[in-house]
$ cat work-v3.txt   # compact mmCIF, C-alpha atoms
# COMPACT_ATOMS: atom_id res chain seq x y z
CA MET A 1 -23.90 14.96 -52.28
CA ALA A 2 -23.53 18.11 -50.21
CA ASP A 3 -23.28 20.12 -53.43
CA VAL A 4 -26.60 21.92 -53.91
CA ASN A 5 -25.86 23.06 -57.43
CA ARG A 6 -25.90 19.71 -59.15
CA GLY A 7 -26.00 21.20 -62.60
CA ASN A 8 -28.80 20.89 -65.07
CA ARG A 9 -28.83 17.12 -65.39
CA PRO A 10 -31.84 14.81 -65.48
CA LEU A 11 -32.88 13.17 -62.20
CA SER A 12 -34.32 9.71 -61.75
CA PRO A 13 -37.86 9.46 -60.33
CA HIS A 14 -37.92 10.12 -56.59
CA LEU A 15 -39.86 8.99 -53.50
CA SER A 16 -43.30 10.02 -54.71
CA ILE A 17 -43.59 7.36 -57.43
CA TYR A 18 -42.68 4.35 -55.28
CA ARG A 19 -45.30 2.19 -53.57
CA PRO A 20 -44.76 2.23 -49.78
CA GLN A 21 -43.02 -0.94 -48.64
CA LEU A 22 -42.31 -2.42 -45.22
CA THR A 23 -38.60 -1.75 -45.67
CA SER A 24 -38.99 1.93 -46.58
CA ILE A 25 -41.69 2.62 -43.97
CA THR A 26 -39.75 0.99 -41.10
CA SER A 27 -36.68 2.94 -42.20
CA ILE A 28 -38.28 6.39 -42.20
CA LEU A 29 -40.12 5.59 -38.95
CA THR A 30 -36.72 5.09 -37.30
CA ARG A 31 -35.80 8.68 -38.15
CA ILE A 32 -39.24 10.10 -37.27
CA THR A 33 -39.45 8.33 -33.88
CA GLY A 34 -35.87 9.24 -32.97
CA ASN A 35 -36.31 12.93 -33.66
CA ALA A 36 -39.86 13.14 -32.29
CA LEU A 37 -38.59 11.86 -28.93
CA ILE A 38 -37.21 15.36 -28.32
CA VAL A 39 -40.75 16.42 -27.30
CA ALA A 40 -41.04 13.91 -24.43
CA SER A 41 -37.37 14.45 -23.53
CA LEU A 42 -37.84 18.19 -23.07
CA LEU A 43 -41.06 17.61 -21.10
CA ILE A 44 -39.20 15.25 -18.75
CA VAL A 45 -36.30 17.70 -18.31
CA TRP A 46 -38.88 20.41 -17.52
CA TRP A 47 -40.53 18.06 -14.99
CA PHE A 48 -37.15 17.47 -13.27
CA LEU A 49 -36.38 21.21 -13.22
CA ALA A 50 -39.81 21.95 -11.73
CA ALA A 51 -39.32 19.25 -9.08
CA ALA A 52 -35.98 20.81 -8.15
CA THR A 53 -37.43 24.34 -8.01
CA SER A 54 -40.57 24.44 -5.84
CA PRO A 55 -43.74 22.49 -4.92
CA GLU A 56 -45.88 25.02 -6.87
CA TYR A 57 -43.80 24.74 -10.04
CA PHE A 58 -43.79 20.94 -9.69
CA ALA A 59 -47.59 20.92 -9.41
CA LEU A 60 -47.81 22.74 -12.75
CA ALA A 61 -45.33 20.48 -14.61
CA ASP A 62 -46.81 17.35 -13.06
CA ALA A 63 -50.34 18.45 -14.04
CA VAL A 64 -49.22 18.92 -17.66
CA LEU A 65 -47.39 15.57 -17.85
CA THR A 66 -50.21 13.60 -16.21
CA SER A 67 -53.09 15.33 -18.05
CA TRP A 68 -54.86 13.30 -20.75
CA PHE A 69 -52.76 15.08 -23.35
CA GLY A 70 -49.57 14.49 -21.37
CA ASP A 71 -50.52 10.83 -21.01
CA LEU A 72 -51.08 10.60 -24.77
CA VAL A 73 -47.69 12.20 -25.53
CA MET A 74 -45.96 9.92 -23.01
CA PHE A 75 -47.72 6.79 -24.32
CA LEU A 76 -46.87 7.54 -27.96
CA SER A 77 -43.31 8.47 -26.94
CA LEU A 78 -42.96 5.19 -25.07
CA TRP A 79 -43.86 3.35 -28.26
CA ALA A 80 -41.49 5.60 -30.25
CA LEU A 81 -38.74 4.85 -27.72
CA TRP A 82 -39.13 1.07 -28.00
CA TYR A 83 -39.52 1.28 -31.78
CA HIS A 84 -36.35 3.39 -32.13
CA THR A 85 -34.50 1.06 -29.73
CA LEU A 86 -35.42 -2.11 -31.68
CA ALA A 87 -34.76 -0.38 -35.01
CA GLY A 88 -31.37 0.62 -33.59
CA VAL A 89 -30.63 -3.02 -32.77
CA ARG A 90 -31.53 -3.83 -36.38
CA HIS A 91 -28.95 -1.26 -37.54
CA LEU A 92 -26.33 -2.76 -35.22
CA ILE A 93 -27.01 -6.15 -36.83
CA TRP A 94 -26.84 -4.65 -40.33
CA ASP A 95 -23.55 -2.91 -39.46
CA ASN A 96 -22.00 -6.37 -39.30
CA ALA A 97 -23.23 -7.06 -42.85
CA LYS A 98 -25.66 -9.66 -41.48
CA MET A 99 -29.36 -10.15 -42.39
CA LEU A 100 -29.22 -7.63 -45.23
CA ASP A 101 -31.10 -9.85 -47.71
CA LEU A 102 -34.71 -8.93 -48.42
CA ASP A 103 -36.23 -11.89 -46.60
CA SER A 104 -34.29 -11.19 -43.37
CA ALA A 105 -34.93 -7.44 -43.67
CA TYR A 106 -38.67 -8.15 -43.79
CA LYS A 107 -38.47 -10.51 -40.81
CA LEU A 108 -36.58 -7.88 -38.81
CA GLY A 109 -39.10 -5.25 -39.93
CA TYR A 110 -42.03 -7.27 -38.59
CA ALA A 111 -40.04 -8.02 -35.42
CA VAL A 112 -39.39 -4.30 -34.85
CA ILE A 113 -43.07 -3.35 -35.33
CA GLY A 114 -44.48 -6.26 -33.30
CA GLY A 115 -41.79 -6.02 -30.65
CA SER A 116 -42.30 -2.30 -30.14
CA VAL A 117 -46.07 -2.72 -29.64
CA LEU A 118 -45.51 -5.65 -27.29
CA LEU A 119 -42.87 -3.81 -25.23
CA THR A 120 -45.10 -0.72 -25.01
CA LEU A 121 -48.07 -2.69 -23.66
CA LEU A 122 -45.77 -4.64 -21.33
CA THR A 123 -44.26 -1.41 -19.96
CA VAL A 124 -47.69 0.15 -19.39
CA ALA A 125 -48.79 -3.03 -17.59
CA VAL A 126 -45.68 -3.10 -15.37
CA ILE A 127 -45.50 0.62 -14.50
CA MET B 128 -26.12 19.73 -69.44
CA ARG B 129 -23.33 18.69 -67.06
CA TYR B 130 -22.88 15.00 -66.51
CA LEU B 131 -20.13 15.38 -63.88
CA THR B 132 -20.51 12.80 -61.14
CA ASP B 133 -19.93 13.60 -57.47
CA ARG B 134 -16.77 11.51 -57.55
CA LYS B 135 -15.40 13.45 -60.53
CA ARG B 136 -16.14 16.75 -58.77
CA ALA B 137 -14.42 15.56 -55.58
CA MET B 138 -11.27 14.27 -57.30
CA GLY B 139 -8.08 16.10 -56.37
CA MET B 140 -9.64 17.87 -53.38
CA GLY B 141 -8.18 15.57 -50.74
CA SER B 142 -9.89 13.11 -48.41
CA ALA B 143 -12.57 13.99 -45.88
CA LYS B 144 -10.21 12.61 -43.19
CA THR B 145 -12.68 12.08 -40.34
CA GLY B 146 -15.56 10.26 -42.02
CA THR B 147 -16.06 7.49 -39.49
CA ALA B 148 -15.87 9.45 -36.21
CA HIS B 149 -19.56 10.46 -36.27
CA PHE B 150 -20.69 6.94 -37.21
CA TRP B 151 -18.62 5.37 -34.41
CA SER B 152 -19.86 7.93 -31.87
CA MET B 153 -23.48 7.07 -32.76
CA LYS B 154 -22.69 3.38 -32.41
CA VAL B 155 -21.13 3.80 -28.95
CA SER B 156 -24.02 5.92 -27.64
CA SER B 157 -26.63 3.57 -29.15
CA VAL B 158 -25.14 0.56 -27.35
CA ALA B 159 -24.97 2.57 -24.10
CA LEU B 160 -28.62 3.58 -24.51
CA LEU B 161 -29.58 -0.04 -25.07
CA ILE B 162 -28.71 -0.51 -21.38
CA LEU B 163 -29.73 2.94 -20.08
CA ILE B 164 -33.16 3.23 -21.72
CA PRO B 165 -34.76 0.16 -20.06
CA LEU B 166 -33.22 1.23 -16.73
CA PHE B 167 -34.56 4.78 -17.10
CA VAL B 168 -38.03 3.67 -18.27
CA PHE B 169 -38.46 1.37 -15.27
CA THR B 170 -37.02 3.81 -12.70
CA PHE B 171 -38.60 7.05 -13.99
CA GLY B 172 -41.89 5.48 -15.12
CA PRO B 173 -43.24 4.36 -11.73
CA ILE B 174 -42.43 7.69 -10.01
CA LEU B 175 -44.09 9.88 -12.67
CA GLY B 176 -47.37 11.09 -11.16
CA ALA B 177 -46.22 10.65 -7.54
CA PRO B 178 -46.47 13.54 -5.02
CA HIS B 179 -43.62 16.09 -4.84
CA ASP B 180 -42.02 14.88 -1.60
CA GLU B 181 -41.96 11.28 -2.84
CA VAL B 182 -40.28 12.37 -6.08
CA LEU B 183 -37.62 14.29 -4.11
CA ALA B 184 -36.99 11.34 -1.79
CA TYR B 185 -36.83 8.91 -4.73
CA PHE B 186 -34.20 10.82 -6.71
CA ALA B 187 -32.15 11.34 -3.54
CA HIS B 188 -31.26 7.64 -3.92
CA PRO B 189 -28.09 7.04 -5.94
CA PHE B 190 -29.38 4.46 -8.45
CA PRO B 191 -32.39 6.33 -9.95
CA ALA B 192 -30.46 9.61 -9.87
CA ILE B 193 -27.37 8.21 -11.62
CA VAL B 194 -29.49 6.36 -14.22
CA ALA B 195 -31.45 9.56 -14.94
CA GLY B 196 -28.25 11.64 -15.15
CA LEU B 197 -26.50 9.21 -17.49
CA THR B 198 -29.60 8.92 -19.68
CA MET B 199 -29.67 12.73 -20.02
CA ILE B 200 -25.99 12.92 -21.01
CA VAL B 201 -25.90 10.00 -23.45
CA GLY B 202 -29.49 10.51 -24.70
CA PHE B 203 -29.04 14.16 -25.65
CA LYS B 204 -25.61 13.45 -27.20
CA HIS B 205 -27.24 10.70 -29.29
CA PHE B 206 -30.10 13.04 -30.22
CA ASN B 207 -27.68 15.81 -31.15
CA GLU B 208 -25.70 13.61 -33.55
CA GLY B 209 -28.75 11.82 -34.94
CA ALA B 210 -30.61 15.07 -35.58
CA GLN B 211 -27.46 16.40 -37.28
CA THR B 212 -27.58 13.48 -39.73
CA MET B 213 -31.19 14.29 -40.54
CA ILE B 214 -30.44 18.01 -40.97
CA GLU B 215 -27.55 17.21 -43.31
CA ASP B 216 -29.97 15.25 -45.49
CA TYR B 217 -32.71 17.88 -45.78
CA VAL B 218 -31.16 21.32 -45.13
CA HIS B 219 -28.22 22.75 -47.06
CA GLY B 220 -25.87 25.72 -47.17
CA THR B 221 -25.71 28.33 -44.42
CA THR B 222 -29.15 27.36 -43.09
CA GLN B 223 -27.78 23.86 -42.48
CA LYS B 224 -24.95 25.22 -40.34
CA ILE B 225 -27.32 27.46 -38.35
CA VAL B 226 -29.80 24.62 -37.69
CA ILE B 227 -27.00 22.22 -36.63
CA ILE B 228 -25.66 24.85 -34.20
CA ALA B 229 -29.18 25.48 -32.85
CA VAL B 230 -29.83 21.75 -32.31
CA THR B 231 -26.43 21.39 -30.60
CA CYS B 232 -27.26 24.30 -28.26
CA LEU B 233 -30.66 22.75 -27.50
CA SER B 234 -29.11 19.34 -26.75
CA TYR B 235 -26.39 20.65 -24.44
CA GLY B 236 -28.86 23.06 -22.82
CA ALA B 237 -31.40 20.31 -22.12
CA ALA B 238 -28.73 17.94 -20.79
CA ALA B 239 -27.27 20.62 -18.50
CA THR B 240 -30.73 21.60 -17.22
CA GLY B 241 -31.62 17.98 -16.50
CA LEU B 242 -28.30 17.34 -14.73
CA PHE B 243 -28.64 20.49 -12.64
CA ALA B 244 -32.15 19.50 -11.57
CA ILE B 245 -31.16 15.93 -10.68
CA ALA B 246 -28.10 17.13 -8.76
CA LYS B 247 -30.18 19.68 -6.85
CA ILE B 248 -32.76 17.03 -5.92
CA ALA B 249 -30.15 14.39 -5.05
CA LEU B 250 -27.89 16.58 -2.90
$ encode --input "work-v3.txt" --output "structure tokens"
Amino acid sequence: MADVNRGNRPLSPHLSIYRPQLTSITSILTRITGNALIVASLLIVWWFLAAATSPEYFALADAVLTSWFGDLVMFLSLWALWYHTLAGVRHLIWDNAKMLDLDSAYKLGYAVIGGSVLLTLLTVAVI
Amino acid sequence: MRYLTDRKRAMGMGSAKTGTAHFWSMKVSSVALLILIPLFVFTFGPILGAPHDEVLAYFAHPFPAIVAGLTMIVGFKHFNEGAQTMIEDYVHGTTQKIVIIAVTCLSYGAAATGLFAIAKIAL
């Protein structure tokens, strides 16, 4: 698979011709949310560094993180965090060769989407 | 046209030897984060937006400081290895190696910066 030069052989149709399905969308969202969380992570590290440095520097970092844009990034990242967490649980279940049939995969898919929205709203309400 | 399969190309070249180490490492950190993430969300969340002196006093307590520190270590390790999997899927050749090294540097750098800041606040 790592071999780039695969020779001049015909390839089967790829991603672009398939209709989006719950299984494929929830799968790629796991990767997207996981990697996108680096944005909020770096912002939080910056916030900690600023807090440790000086009141002036903290004021700047805090203003960025609590601005409307910062709030938006944090809110979306919170959802991404819960989504990635629940999707991770789904992978831990699958690792045991359980619930791999299509019906269960769909149920888990809906649970991951619904659960992540629910947890996000719950967190916002609690915090 | 060459109809050689990947298996045929790999035959006789020896085993990969350490195929499961990365998978197991991801599994361990994911289970750890299952505990750490809720703890971090509900300790860091309420203090975000508080005045500077309150933030300093808050992270001088052992529990929020240790939770934040552990989340940095395990979180960035998990990110590093997860991002590596993604890079291996989409980037190849020398560029792949360079991007993996860059992401590793970023992960360790971010974790070290976060730990330094938390330690400085806590001590």
$ atom_distance --input "work-v3.txt" --atom1 "CA of Phe58 in chain A" --atom2 "CA of Ala40 in chain A"
16.6 Å
$ atom_distance --input "work-v3.txt" --atom1 "CA of Pro20 in chain A" --atom2 "CA of Asp103 in chain A"
16.8 Å
$ residues_around --input "work-v3.txt" --residues "range 120-126 of chain A" --least-positions-apart "4" --cutoff "7 Å" --atoms "only C-alpha atoms" --output "number ranges by chain"
A: 78-79, 82, 116
$ atom_distance --input "work-v3.txt" --atom1 "CA of Gly34 in chain A" --atom2 "CA of Leu102 in chain A"
23.9 Å
$ closest_residue --input "work-v3.txt" --among "A:Leu49, A:Ala80, A:Met99, A:Leu72" --to "chain B" --atoms "only C-alpha atoms"
A:Leu49
$ closest_residue --input "work-v3.txt" --among "A:Ala87, A:Ala59, A:Val45, A:Ala51" --to "Tyr185 in chain B" --atoms "all atoms listed in the file"
A:Ala51
$ closest_residue --input "work-v3.txt" --among "B:Ser157, B:Ser234, B:Gly141, B:Asp133" --to "His91 in chain A" --atoms "all atoms listed in the file"
B:Ser157
$ closest_residue --input "work-v3.txt" --among "B:Ala249, B:Ala195, B:Met153, B:Met138" --to "Pro165 in chain B" --atoms "only C-alpha atoms"
B:Ala195
$ decode --input "work-v3.txt" --residues "range 162-222 of chain B" --atoms "C-alpha atoms" --output "PDB file, in the first residue's frame"
ATOM      1  CA  ILE B 162     -11.358   9.260  31.666  1.00  0.00           C
ATOM      2  CA  LEU B 163      -9.227  12.399  31.256  1.00  0.00           C
ATOM      3  CA  ILE B 164     -11.369  14.279  28.721  1.00  0.00           C
ATOM      4  CA  PRO B 165     -14.539  14.552  30.862  1.00  0.00           C
ATOM      5  CA  LEU B 166     -12.365  15.512  33.852  1.00  0.00           C
ATOM      6  CA  PHE B 167     -10.546  18.188  31.830  1.00  0.00           C
ATOM      7  CA  VAL B 168     -13.725  19.565  30.215  1.00  0.00           C
ATOM      8  CA  PHE B 169     -15.414  20.015  33.590  1.00  0.00           C
ATOM      9  CA  THR B 170     -12.339  21.435  35.381  1.00  0.00           C
ATOM     10  CA  PHE B 171     -11.019  23.700  32.595  1.00  0.00           C
ATOM     11  CA  GLY B 172     -14.440  24.719  31.230  1.00  0.00           C
ATOM     12  CA  PRO B 173     -15.764  26.627  34.263  1.00  0.00           C
ATOM     13  CA  ILE B 174     -12.512  28.590  34.780  1.00  0.00           C
ATOM     14  CA  LEU B 175     -12.189  29.737  31.140  1.00  0.00           C
ATOM     15  CA  GLY B 176     -13.180  33.411  31.096  1.00  0.00           C
ATOM     16  CA  ALA B 177     -12.370  33.995  34.790  1.00  0.00           C
ATOM     17  CA  PRO B 178     -10.032  36.837  35.879  1.00  0.00           C
ATOM     18  CA  HIS B 179      -6.254  36.226  35.908  1.00  0.00           C
ATOM     19  CA  ASP B 180      -5.791  35.906  39.685  1.00  0.00           C
ATOM     20  CA  GLU B 181      -8.656  33.395  39.930  1.00  0.00           C
ATOM     21  CA  VAL B 182      -7.116  31.302  37.144  1.00  0.00           C
ATOM     22  CA  LEU B 183      -3.738  31.295  38.933  1.00  0.00           C
ATOM     23  CA  ALA B 184      -5.324  30.334  42.261  1.00  0.00           C
ATOM     24  CA  TYR B 185      -7.423  27.605  40.603  1.00  0.00           C
ATOM     25  CA  PHE B 186      -4.516  25.831  38.899  1.00  0.00           C
ATOM     26  CA  ALA B 187      -2.455  26.061  42.090  1.00  0.00           C
ATOM     27  CA  HIS B 188      -4.761  23.296  43.372  1.00  0.00           C
ATOM     28  CA  PRO B 189      -3.436  19.787  42.714  1.00  0.00           C
ATOM     29  CA  PHE B 190      -6.515  18.221  41.075  1.00  0.00           C
ATOM     30  CA  PRO B 191      -7.169  20.685  38.205  1.00  0.00           C
ATOM     31  CA  ALA B 192      -3.426  21.074  37.616  1.00  0.00           C
ATOM     32  CA  ILE B 193      -2.728  17.320  37.463  1.00  0.00           C
ATOM     33  CA  VAL B 194      -5.786  16.690  35.248  1.00  0.00           C
ATOM     34  CA  ALA B 195      -4.672  19.468  32.867  1.00  0.00           C
ATOM     35  CA  GLY B 196      -1.073  18.178  32.827  1.00  0.00           C
ATOM     36  CA  LEU B 197      -2.084  14.568  32.158  1.00  0.00           C
ATOM     37  CA  THR B 198      -4.528  15.651  29.440  1.00  0.00           C
ATOM     38  CA  MET B 199      -1.699  17.563  27.714  1.00  0.00           C
ATOM     39  CA  ILE B 200       0.670  14.575  27.816  1.00  0.00           C
ATOM     40  CA  VAL B 201      -1.781  11.863  26.759  1.00  0.00           C
ATOM     41  CA  GLY B 202      -3.807  14.143  24.445  1.00  0.00           C
ATOM     42  CA  PHE B 203      -0.844  15.319  22.390  1.00  0.00           C
ATOM     43  CA  LYS B 204       0.616  11.783  22.259  1.00  0.00           C
ATOM     44  CA  HIS B 205      -2.762  10.546  20.958  1.00  0.00           C
ATOM     45  CA  PHE B 206      -2.897  13.424  18.455  1.00  0.00           C
ATOM     46  CA  ASN B 207       0.655  12.724  17.296  1.00  0.00           C
ATOM     47  CA  GLU B 208      -0.042   9.059  16.557  1.00  0.00           C
ATOM     48  CA  GLY B 209      -3.506   9.670  15.115  1.00  0.00           C
ATOM     49  CA  ALA B 210      -2.276  12.433  12.816  1.00  0.00           C
ATOM     50  CA  GLN B 211       0.548  10.111  11.723  1.00  0.00           C
ATOM     51  CA  THR B 212      -2.036   7.539  10.598  1.00  0.00           C
ATOM     52  CA  MET B 213      -3.808  10.193   8.551  1.00  0.00           C
ATOM     53  CA  ILE B 214      -0.539  11.427   7.012  1.00  0.00           C
ATOM     54  CA  GLU B 215       0.427   7.870   6.066  1.00  0.00           C
ATOM     55  CA  ASP B 216      -2.865   7.586   4.167  1.00  0.00           C
ATOM     56  CA  TYR B 217      -2.621  10.812   2.164  1.00  0.00           C
ATOM     57  CA  VAL B 218       1.061  11.807   1.908  1.00  0.00           C
ATOM     58  CA  HIS B 219       3.804   9.585   0.513  1.00  0.00           C
ATOM     59  CA  GLY B 220       7.554   9.421  -0.014  1.00  0.00           C
ATOM     60  CA  THR B 221       9.965  11.928   1.505  1.00  0.00           C
ATOM     61  CA  THR B 222       7.188  14.488   2.059  1.00  0.00           C
TER      62      THR B 222
END
